[in-house]
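What follows is one structure encoded as structure tokens, with my remarks underneath.
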Amino acid sequence: MRAQTVRRFVLLCASLAPFACVTTSSNPQAQAFDAGPLPGFDGQAPFDGAVPGDAAIPDALLPDAAGVANVTVMGTDGLPKGGVMVVFQDAAGAVVATQTTGADGRASSAVADGSMITVAVGGPGARELVTFLGIKNGDDIVALDVMPRPSAFPSVAVTPPGGAPTAATSYYAYAGDCNTSSAPPVQPIAVFLDAPCLNAGKAPLVALALDGNQGVLAWTSATGVAVLATDGGTAIAPPLPAWSLAFGSVNVSVTNVPATAPSLALVNAELAGGVALHQSALPAPTEGAASASLRTLPGYADSFQPEAQIVRSNGGGPRYIQSVSFVAKNVPPVASGGTVSFDLAQAFPLIDDAIVDSTLPGQPKLTWTAAGALTGAQGGFARMTWTASQQDGSLESSGWSFVFPASTARLAAPVVPASLAAWTPGNETVQLDAVGFFAVDAVASYEALWSRYPGYIPRVGYRAGLEFVTPPLPSGVTMRGVFAHPNG
């Protein structure tokens, strides 16, 4: 056991995909997924795809040095990665020291309280700078590498069983929220899998039979299906069980909806094997209250994750910011007809605006304004991106992510050595991908949040009628947050 207590910050990086529009239907729809990683830290599936917690990173990887700040970089294969530049900066962003991780993936340096550390992960085809703010000696930071976007993504071929209701006019095959449709007769349906639709190389599968009005008539499922192909190949799913005509429901209710709330979404995710299948509705509140009954599949899910979202788009230029304030909780599967309730008096105020200033090449800045105080937030996350032309004429998308205390009022990219020029923006236009704040119950502080729960960054991108979904949460955990991103 360690003689001293250290703080462990863990970062899982992924590329962000373009944003899309919200729809109002909770029925299955044909969805043209980008198939690229979406916002969130689970896109590279390190550690067999599991979200690392306190016990996920072996103690042997973590130095016991209270007098320095320690960084361990883990590769996409889950092993320590050497040759990664780590920059130690003071609170103003000036370079204090630089180190390159050794074969053990480690770098360390003494720092003053409130310092920054920037890690240059990835490489040609996928470069990402990640800056942590508010660092002290004794902190342990574990940064996970990123990989270039593959040329093709895996798919799984799902064959709906025979014997569907005679009124069925189409079939949908799902792996989480990723789905593809087909008209009868029964035939294999190829479902392409982006990062949130599989976990540890496995995907839960659902097939639905729908009538001509897109009403769901029957369903069947298989969980834990191995997706053996990892670079564009197609795995063949085993035969699915016979169709079931039995459906359940969960009621999601909410009180204290702000009178000024532009739009309200009530959501439930059925989680199977760590992969979410969402249903959503957009009810109109009455006197600050609303509810919705959402379809469930009896026996399919390991847990439910109901959620209430307040959504607002500014609707005008020049930035077209969309903001989502939410409360979500992971609960055991709710008996059919049961209710999960939320009080939106606990929700954070919406973010009104976010502005990127790239006047100083290589050191973009980000400012934001919120509709009220973000009281109770434990930490923040932001990411800015740009696209640079390469010498061979190709384009490379890069990003700069920031992890910071909730008291942070603005962000200014720190100085990095000239050797990292390829990781920084030059004259390219720097854009906002996302900025937000969040809190998790039973976690006391920024330090504890990042040491125990590294995977709490929501994903943005069209998914089951939602533009914004929270990551799968640990059992019994409630998360509150507010995030903003461009929506046009």
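How things are named: the first chain in the structure tokens is A, the next is B, and so on; residues count from 1 in each chain; ligands count from 1 in the order shown.
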
Which residues of region 56-169 of chain A come within 10 Å of region 432-451 of chain A, and for each one, what is the closest pair of atoms and their distance in Å to one decimal, counting only C-alpha atoms, sorted by chain and residue number, as a tab-separated table?
residue	atom	partner	partner_atom	distance
A:Gly134	CA	A:Glu447	CA	9.4
A:Ile135	CA	A:Glu447	CA	9.4
A:Asp139	CA	A:Glu447	CA	9.0
A:Asp140	CA	A:Ser451	CA	8.8
A:Ile141	CA	A:Ser451	CA	8.8
A:Val142	CA	A:Ser451	CA	9.6

Practice task
Skip Ala69 (chain A) itself and residues of its chain fewer than 4 positions away, then list as a ChimeraX atom specification all residues within 9 Å of it, counting only C-alpha atoms.
Solution key: /A:65,88,107-111,117,135-141

Quick one: residues within 10 Å of Ala173 (chain A), only C-alpha atoms counted, chain neighbours fewer than 4 positions away excluded, as a compact mmCIF listing (two decimals) with N, CA and C atoms, in the first residue's frame?
# COMPACT_ATOMS: atom_id res chain seq x y z
N VAL A 156 -21.39 -5.76 -38.28
CA VAL A 156 -21.88 -7.07 -37.89
C VAL A 156 -23.13 -7.35 -38.71
N ALA A 157 -23.21 -8.53 -39.28
CA ALA A 157 -24.34 -8.93 -40.11
C ALA A 157 -25.37 -9.64 -39.23
N VAL A 158 -26.56 -9.04 -39.14
CA VAL A 158 -27.62 -9.55 -38.28
C VAL A 158 -28.75 -10.06 -39.17
N THR A 159 -29.16 -11.29 -38.97
CA THR A 159 -30.27 -11.86 -39.74
C THR A 159 -31.49 -11.97 -38.84
N PRO A 160 -32.55 -11.19 -39.08
CA PRO A 160 -33.75 -11.33 -38.26
C PRO A 160 -34.32 -12.73 -38.41
N ASP A 177 -27.08 1.99 -30.37
CA ASP A 177 -27.87 2.90 -31.18
C ASP A 177 -27.54 2.82 -32.67
N CYS A 178 -26.45 2.17 -33.03
CA CYS A 178 -26.11 2.01 -34.46
C CYS A 178 -27.12 1.07 -35.09
N ASN A 179 -27.69 1.45 -36.20
CA ASN A 179 -28.71 0.59 -36.78
C ASN A 179 -28.80 0.73 -38.28
N THR A 180 -29.36 -0.28 -38.89
CA THR A 180 -29.62 -0.32 -40.32
C THR A 180 -30.96 -1.01 -40.53
N SER A 181 -31.69 -0.61 -41.56
CA SER A 181 -33.00 -1.19 -41.82
C SER A 181 -32.99 -2.00 -43.12
N SER A 182 -33.99 -2.84 -43.24
CA SER A 182 -34.14 -3.65 -44.44
C SER A 182 -35.61 -4.01 -44.59
N PRO A 188 -29.58 -10.95 -44.21
CA PRO A 188 -28.62 -10.32 -43.29
C PRO A 188 -28.63 -8.80 -43.44
N ILE A 189 -28.58 -8.10 -42.32
CA ILE A 189 -28.53 -6.64 -42.28
C ILE A 189 -27.18 -6.25 -41.69
N ALA A 190 -26.38 -5.52 -42.44
CA ALA A 190 -25.05 -5.11 -41.97
C ALA A 190 -25.18 -3.83 -41.15
N VAL A 191 -24.79 -3.90 -39.89
CA VAL A 191 -24.81 -2.74 -38.99
C VAL A 191 -23.37 -2.28 -38.79
N LEU A 205 -27.02 -7.00 -29.62
CA LEU A 205 -27.79 -6.88 -30.86
C LEU A 205 -29.29 -6.94 -30.57
N VAL A 206 -30.03 -6.12 -31.27
CA VAL A 206 -31.49 -6.12 -31.19
C VAL A 206 -32.04 -6.05 -32.61
N ALA A 207 -33.06 -6.84 -32.89
CA ALA A 207 -33.78 -6.73 -34.15
C ALA A 207 -35.22 -6.36 -33.84
N LEU A 208 -35.77 -5.44 -34.61
CA LEU A 208 -37.16 -5.00 -34.47
C LEU A 208 -37.91 -5.27 -35.76
N ALA A 209 -39.17 -5.65 -35.64
CA ALA A 209 -40.06 -5.77 -36.78
C ALA A 209 -41.08 -4.63 -36.68
N TRP A 219 -39.75 -7.93 -31.24
CA TRP A 219 -38.31 -7.71 -31.07
C TRP A 219 -37.64 -9.02 -30.68
N THR A 220 -36.32 -9.05 -30.85
CA THR A 220 -35.49 -10.15 -30.38
C THR A 220 -34.09 -9.60 -30.15
N SER A 221 -33.29 -10.29 -29.37
CA SER A 221 -31.97 -9.74 -29.03
C SER A 221 -30.98 -10.84 -28.73

Problem - helix (DSSP H, G or I) call set, DSSP backbone run, region 190-415 of chain A, as a ChimeraX atom specification - result: /A:195-197,344-346

Exercise for the section: Within 7 Å of Ala203 (chain A), counting only C-alpha atoms, which residues show up once you throw out same-chain ones fewer than 5 positions away? Write them as a PyMOL selection string, please. Expected result: chain A and resi 175+197-198+223-227

Prev. selection, C-alpha atoms, output as a CSV table (one decimal), in the first residue's frame:
chain,number,residue,atom,x,y,z
A,175,ALA,CA,-26.0,-2.7,-32.1
A,197,CYS,CA,-21.8,0.6,-30.2
A,198,LEU,CA,-19.4,-2.0,-28.9
A,223,THR,CA,-26.1,-9.8,-26.0
A,224,GLY,CA,-22.3,-10.1,-25.9
A,225,VAL,CA,-21.9,-10.9,-29.6
A,226,ALA,CA,-18.2,-10.9,-30.5
A,227,VAL,CA,-17.2,-8.5,-33.3

Handout entry: Residue among A:Ala373, A:Met74, A:Val311, A:Leu282 lying closest to Ala261 (chain A), counting only C-alpha atoms
Key = A:Val311

Set the distance at 7 Å and use only C-alpha atoms: which residues neighbour region 356-359 of chain A once local chain neighbours fewer than 5 positions away are removed? I'd like the list as a tab-separated table (two decimals) with C-alpha atoms, in the first residue's frame.
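Output saved as part26.tsv:
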chain	number	residue	atom	x	y	z
A	364	PRO	CA	-5.91	29.61	-29.03
A	365	LYS	CA	-8.11	30.94	-26.26
A	366	LEU	CA	-11.63	30.03	-25.21
A	367	THR	CA	-14.14	32.07	-23.24
A	430	VAL	CA	-9.60	26.97	-34.76
A	431	GLN	CA	-13.12	25.92	-33.86
A	432	LEU	CA	-14.94	24.87	-30.73

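If only C-alpha atoms are the atoms counted, then among A:Val146, A:Ala289, A:Val257, A:Leu473 the closest residue to Ala126 (chain A) is A:Val146.
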
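Take CA of Ala388 (chain A) and CA of Asp353 (chain A): the distance between them is 25.8 Å.
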